[in-house]
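Enquirer: Pasting a structure below so you can have a look.
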Amino acid sequence: MSTSTIHDIGYRHYDGRRNGRAYVIRSLYVHNLRAAFGLGRPVRAKIMPFVLAALMLLPAAGSVAAFAFTKQEDALIPYAAYANLMQVIVAIFLATQAPVLASREVRFHVVPLYFSRPVGHLDFVLAKGAAMATALLALLAVPVTVLYVGGLVAKAPDSSQQLLDYLGGLVGCVLYALVLAAIGMVVAAFTPRRGFGVAAVIAAYMVPTAVATAVQGIAEAQTNFTLQGWMGLLAPFNLVDIVQVRLLGAETSSPGIAPGVTGGLVALALCAVIVLGSIAVLYRRFRKAGLS
Amino acid sequence: MNSTIAMMTFRSMLGRKRALLLLGLPLIMLVLAVVLRATGNNDLDVSSDILQQFGLATLLPLLALIAGTGVIGPEIDDGQIMYVLTKPIPREVIVLTKLVVAIILVTAFAVVPTLLAGLVLIGTTTGVTPAFTVGVLVGGVAYSAVFVALGVASRNAATIGLLYALVWESLLGRFAPGAKSASIQQWSLSVTDALTDASPVVSTVRLAVAISLLVVVTLVATFLATFRLRTLTVASAD
């Protein structure tokens with residue numbers, strides 16, 4: 001870092017220890033992660049994330065309770081199917097909180113204030129993306145963990161298989177969190193106006209899902225199961241479920257699953273493209289945001 | 001009605017890139033309709049299913065949410081509403097103007113596309129297309145009124161609206177029949193059902209009940225929005 005400036009009016013420079021890049025990323029990450037749940041903000045900002053998190057927990061708790069009383073194994077929701085089952089709540093959480101992370105600074109034109117300090121453009125975007133993904137992961141993984149622990153306490157049979165399924169489910173949750181955060185952050189970063197960001201993110205989830213469901217329904221009626229499977233790539237939740245089923249050995253919980261290991265690999269590649277593309281787009285977006 | 005407020009609201013809703021979002025959603029439905037027709041998948045079952053699942057259950061709530069909360073929510077949030085409220089304009093005129101703008105937007109971006117998609121898919125056979133157009137229109141009026149009222153009442157209007165439209169109407173409607181009869185979507189479907197004799201369209205709510213509930217909900221929401229706007233506390237944005 002160069003120490004000379006145009007307006008060097010003779011103040012002493014800081015030559016002490018600098019905390020460095022890792023510290024910058026960590027600070028931004030923690031700040032954004034707290035913002036994702038409204039921590040450090042007024043109660044008004046906390047209501048929605050915590051209401052949605054509570055809604056996410058309800059079916060898991062109910063399922064464990066039902067299993068404990070009836071001892072019927074199918075009362076326990078499969079770990080890998082949980083995100084798919086609750087996809088509406090997850091999507092609403094993403095739609096509510098992605099604009100908080102991605103569009104607030106753009107709206108108030110304060111992004112240049114970050115970059116007037118030693119904050120790299122890429123670090124800024126990575127910290128924000130990671131914070132959103134972590135928030136989603138917490139939203140998804142906590143109920144799955146409740147299911148697993150509840151199953152253990154209520155003595156679900158075949159505990160080694162349960163552990164494997166649980167770990168597979170967690171990997172699926174990570175993938176869901178990354179893909180959804182990538183989509184949500186990009187859409188929110190381009191719709192800074194209040195309220196519009198929420199609607200735009202939910203539209204980015206609902207419309208592809210509705211198209212995929214419609215075409216899958218028609219394909220199923222015509223017994224064209226190959227098309228039905230491949231159309232699953234269009235809908236975000238179905239896309240990750242294809243990876244879960246084909247590469248992680250989960251039971252399917254989506255209307256269509258692309259065939260074979262190829263399907264799984266294509267879906268995984270598509271997930272990677274979404275995540276990397278999102279980082280690239282956000283990088284370009286935040287470099288320019290607020291300068292005009 | 002106040003034409004100046006209406007013009008300002010239109011400009012804020014359609015200005016710059018925002019119109020693209022509003023235009024993009026119906027465009028996807030039209031493209032889907034054209035593709036389905038080109039591939040010959042446009043029999044009565046498929047067509048009414050598309051109109052119902054896509055037009056009535058996806059496009060309509062989404063656009064009504066964008067329009068309804070968008071016409072008034074941002075203004076309240078950034079405090080600009082004060083410039084309107086301090087003019088000698090009755091509050092009900094402000095609310096009514098905003099509501100009319102929202103309804104016009106919903107008509108332009110949800111009702112007309114539904115009509116076009118229906119015409120592309122099956123034309124006017126068995127009256128499915130006009131029936132859905134009317135259904136989406138009455139649903140749009142009720143949704144707009146509810147979402148404008150939400151926009152006045154709460155800062156989390158968009159999220160609450162989504163919870164209602166997606167969780168209450170769609171998710172709970174599937175499991176709990178009680179939630180199903182208390183939903184604008186089902187009431188609109190009931191109107192649609194009454195206007196067409198096509199068998200794929202089935203509603204669970206009786207027509208008389210549906211129409212009276214639609215009217216009551218619209219009126220109550222408009223009244224509540226006016227009432228709430230009278231005692232609005234303007235706080236800083238988040």
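Ordered as shown in the structure tokens, chains take letters A, B, and onward, while each chain numbers its residues from 1 and ligands are numbered from 1 in the order shown.
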Mind listing as JSON, numbers by chain which residues of chain B are within 9 Å of chain A, counting only C-alpha atoms?
Expert: {"B": [17, 18, 21, 25, 28, 29, 32, 36, 41, 46, 49, 50, 53, 54, 58, 59, 62, 63, 65, 66, 69, 70, 73, 74, 77, 155, 156, 157, 158, 159, 160, 162, 163, 166, 167, 171, 238]}
Enquirer: Would you mind listing what lies within 8 Å of region 117-127 of chain B as number ranges by chain, with only C-alpha atoms counted and same-chain residues fewer than 5 positions away left out?
Expert: B: 29-30, 33-34, 36-37, 42-44, 47, 51, 195-198
Enquirer: Let's have the selection written as a PDB file, in the first residue's frame, with N, CA and C atoms.
Expert:
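out17.pdb was written with the following content:
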```
ATOM      1  N   MET B  29     -44.788 -16.277 -19.118  1.00  0.00           N
ATOM      2  CA  MET B  29     -45.995 -17.081 -19.295  1.00  0.00           C
ATOM      3  C   MET B  29     -46.376 -17.143 -20.774  1.00  0.00           C
ATOM      4  N   LEU B  30     -46.257 -16.002 -21.476  1.00  0.00           N
ATOM      5  CA  LEU B  30     -46.613 -15.987 -22.886  1.00  0.00           C
ATOM      6  C   LEU B  30     -45.687 -16.897 -23.694  1.00  0.00           C
ATOM      7  N   ALA B  33     -46.716 -20.327 -23.166  1.00  0.00           N
ATOM      8  CA  ALA B  33     -47.936 -20.626 -23.920  1.00  0.00           C
ATOM      9  C   ALA B  33     -47.612 -20.874 -25.379  1.00  0.00           C
ATOM     10  N   VAL B  34     -46.750 -20.034 -25.960  1.00  0.00           N
ATOM     11  CA  VAL B  34     -46.397 -20.194 -27.375  1.00  0.00           C
ATOM     12  C   VAL B  34     -45.686 -21.527 -27.595  1.00  0.00           C
ATOM     13  N   LEU B  36     -45.880 -24.249 -25.763  1.00  0.00           N
ATOM     14  CA  LEU B  36     -46.813 -25.362 -25.593  1.00  0.00           C
ATOM     15  C   LEU B  36     -47.687 -25.518 -26.837  1.00  0.00           C
ATOM     16  N   ARG B  37     -48.105 -24.382 -27.403  1.00  0.00           N
ATOM     17  CA  ARG B  37     -48.933 -24.461 -28.593  1.00  0.00           C
ATOM     18  C   ARG B  37     -48.134 -25.014 -29.761  1.00  0.00           C
ATOM     19  N   ASN B  42     -51.679 -28.329 -26.217  1.00  0.00           N
ATOM     20  CA  ASN B  42     -52.627 -27.303 -25.792  1.00  0.00           C
ATOM     21  C   ASN B  42     -54.062 -27.818 -25.766  1.00  0.00           C
ATOM     22  N   ASP B  43     -54.268 -29.014 -25.230  1.00  0.00           N
ATOM     23  CA  ASP B  43     -55.650 -29.450 -25.060  1.00  0.00           C
ATOM     24  C   ASP B  43     -56.266 -28.752 -23.840  1.00  0.00           C
ATOM     25  N   LEU B  44     -57.535 -29.034 -23.601  1.00  0.00           N
ATOM     26  CA  LEU B  44     -58.274 -28.266 -22.584  1.00  0.00           C
ATOM     27  C   LEU B  44     -57.662 -28.426 -21.189  1.00  0.00           C
ATOM     28  N   SER B  47     -54.280 -26.589 -20.900  1.00  0.00           N
ATOM     29  CA  SER B  47     -54.433 -25.142 -20.994  1.00  0.00           C
ATOM     30  C   SER B  47     -55.024 -24.569 -19.718  1.00  0.00           C
ATOM     31  N   LEU B  51     -53.279 -21.952 -17.121  1.00  0.00           N
ATOM     32  CA  LEU B  51     -53.893 -20.681 -16.753  1.00  0.00           C
ATOM     33  C   LEU B  51     -54.093 -20.605 -15.248  1.00  0.00           C
ATOM     34  N   LEU B 195     -68.129 -19.226 -14.603  1.00  0.00           N
ATOM     35  CA  LEU B 195     -68.224 -18.653 -15.947  1.00  0.00           C
ATOM     36  C   LEU B 195     -67.913 -19.652 -17.044  1.00  0.00           C
ATOM     37  N   THR B 196     -67.350 -20.798 -16.697  1.00  0.00           N
ATOM     38  CA  THR B 196     -67.038 -21.777 -17.729  1.00  0.00           C
ATOM     39  C   THR B 196     -67.591 -23.129 -17.324  1.00  0.00           C
ATOM     40  N   ASP B 197     -67.975 -23.927 -18.334  1.00  0.00           N
ATOM     41  CA  ASP B 197     -68.436 -25.276 -18.011  1.00  0.00           C
ATOM     42  C   ASP B 197     -67.343 -26.302 -18.267  1.00  0.00           C
ATOM     43  N   ALA B 198     -66.108 -25.824 -18.461  1.00  0.00           N
ATOM     44  CA  ALA B 198     -65.001 -26.759 -18.666  1.00  0.00           C
ATOM     45  C   ALA B 198     -64.770 -27.555 -17.386  1.00  0.00           C
TER      46      ALA B 198
END
```
Enquirer: What is the CA of Tyr176 (chain A)-CA of Val240 (chain A) distance in Å, reported with one decimal?
Expert: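 Separation between CA of Tyr176 (chain A) and CA of Val240 (chain A): 6.2 Å.
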Enquirer: Quick one: everything within 9 Å of Tyr283 (chain A), counting only C-alpha atoms, minus sequence neighbours fewer than 5 positions away in the same chain. Send it as number ranges by chain.
Expert: A: 121-122, 124-126, 278, 288
Enquirer: Neighbours of Arg246 (chain A) within 7 Å (only C-alpha atoms; same-chain residues fewer than 6 positions away dropped), as a ChimeraX atom specification?
Expert: /A:260-261,264
Enquirer: If we count only C-alpha atoms and set the cut-off at 12 Å, which residues sit around Ser144 (chain B), ignoring sequence neighbours fewer than 5 positions away in its own chain? Please answer as a PyMOL selection string.
Expert: chain B and resi 60-72+95-96+98-107+110+136-139+149-151+161+184+214+217-219+221-222+225
Enquirer: Please write the residues from the selection above to a file, keeping C-alpha atoms, as a PDB file, in the first residue's frame.
Expert:
```
ATOM      1  CA  LEU B  60     -51.426 -12.795 -10.088  1.00  0.00           C
ATOM      2  CA  PRO B  61     -50.263 -12.861  -6.439  1.00  0.00           C
ATOM      3  CA  LEU B  62     -46.717 -11.916  -7.432  1.00  0.00           C
ATOM      4  CA  LEU B  63     -47.740  -8.915  -9.510  1.00  0.00           C
ATOM      5  CA  ALA B  64     -50.410  -7.825  -7.058  1.00  0.00           C
ATOM      6  CA  LEU B  65     -47.748  -7.987  -4.345  1.00  0.00           C
ATOM      7  CA  ILE B  66     -45.284  -5.913  -6.377  1.00  0.00           C
ATOM      8  CA  ALA B  67     -47.942  -3.394  -7.417  1.00  0.00           C
ATOM      9  CA  GLY B  68     -49.914  -3.268  -4.184  1.00  0.00           C
ATOM     10  CA  THR B  69     -47.021  -2.824  -1.778  1.00  0.00           C
ATOM     11  CA  GLY B  70     -44.949  -0.921  -4.337  1.00  0.00           C
ATOM     12  CA  VAL B  71     -47.391   1.934  -4.879  1.00  0.00           C
ATOM     13  CA  ILE B  72     -47.245   3.079  -1.257  1.00  0.00           C
ATOM     14  CA  VAL B  95     -55.544   5.535  -0.795  1.00  0.00           C
ATOM     15  CA  LEU B  96     -58.103   5.214  -3.587  1.00  0.00           C
ATOM     16  CA  LYS B  98     -52.932   4.358  -5.092  1.00  0.00           C
ATOM     17  CA  LEU B  99     -55.333   1.432  -5.203  1.00  0.00           C
ATOM     18  CA  VAL B 100     -56.568   2.350  -8.682  1.00  0.00           C
ATOM     19  CA  VAL B 101     -52.987   2.599  -9.933  1.00  0.00           C
ATOM     20  CA  ALA B 102     -52.211  -0.816  -8.443  1.00  0.00           C
ATOM     21  CA  ILE B 103     -55.309  -2.315 -10.080  1.00  0.00           C
ATOM     22  CA  ILE B 104     -54.401  -0.793 -13.455  1.00  0.00           C
ATOM     23  CA  LEU B 105     -50.888  -2.226 -13.163  1.00  0.00           C
ATOM     24  CA  VAL B 106     -52.215  -5.657 -12.231  1.00  0.00           C
ATOM     25  CA  THR B 107     -54.651  -5.486 -15.137  1.00  0.00           C
ATOM     26  CA  ALA B 110     -51.446 -10.016 -15.133  1.00  0.00           C
ATOM     27  CA  VAL B 136     -57.846 -13.007 -12.474  1.00  0.00           C
ATOM     28  CA  LEU B 137     -59.337  -9.512 -12.709  1.00  0.00           C
ATOM     29  CA  VAL B 138     -61.603  -9.838  -9.648  1.00  0.00           C
ATOM     30  CA  GLY B 139     -58.802 -11.602  -7.789  1.00  0.00           C
ATOM     31  CA  ALA B 149     -53.533  -2.038   3.139  1.00  0.00           C
ATOM     32  CA  LEU B 150     -50.561  -4.206   4.162  1.00  0.00           C
ATOM     33  CA  GLY B 151     -48.181  -1.696   2.609  1.00  0.00           C
ATOM     34  CA  GLY B 161     -47.909 -10.774   1.744  1.00  0.00           C
ATOM     35  CA  ILE B 184     -58.572 -14.936  -2.510  1.00  0.00           C
ATOM     36  CA  LEU B 214     -64.274 -10.732  -2.400  1.00  0.00           C
ATOM     37  CA  VAL B 217     -62.333  -8.103   1.749  1.00  0.00           C
ATOM     38  CA  THR B 218     -61.761  -5.378  -0.844  1.00  0.00           C
ATOM     39  CA  LEU B 219     -63.879  -2.841   1.034  1.00  0.00           C
ATOM     40  CA  ALA B 221     -58.909  -3.525   3.201  1.00  0.00           C
ATOM     41  CA  THR B 222     -59.486  -0.142   1.546  1.00  0.00           C
ATOM     42  CA  ALA B 225     -55.706   1.431   4.633  1.00  0.00           C
TER      43      ALA B 225
END
```
Enquirer: Which is closer to Arg34 (chain A) than all the others in A:Ala182, A:Ile77, A:Leu94, A:Leu101, using only C-alpha atoms?
Expert: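 Of the candidates, the smallest distance to Arg34 (chain A) is held by A:Leu101.
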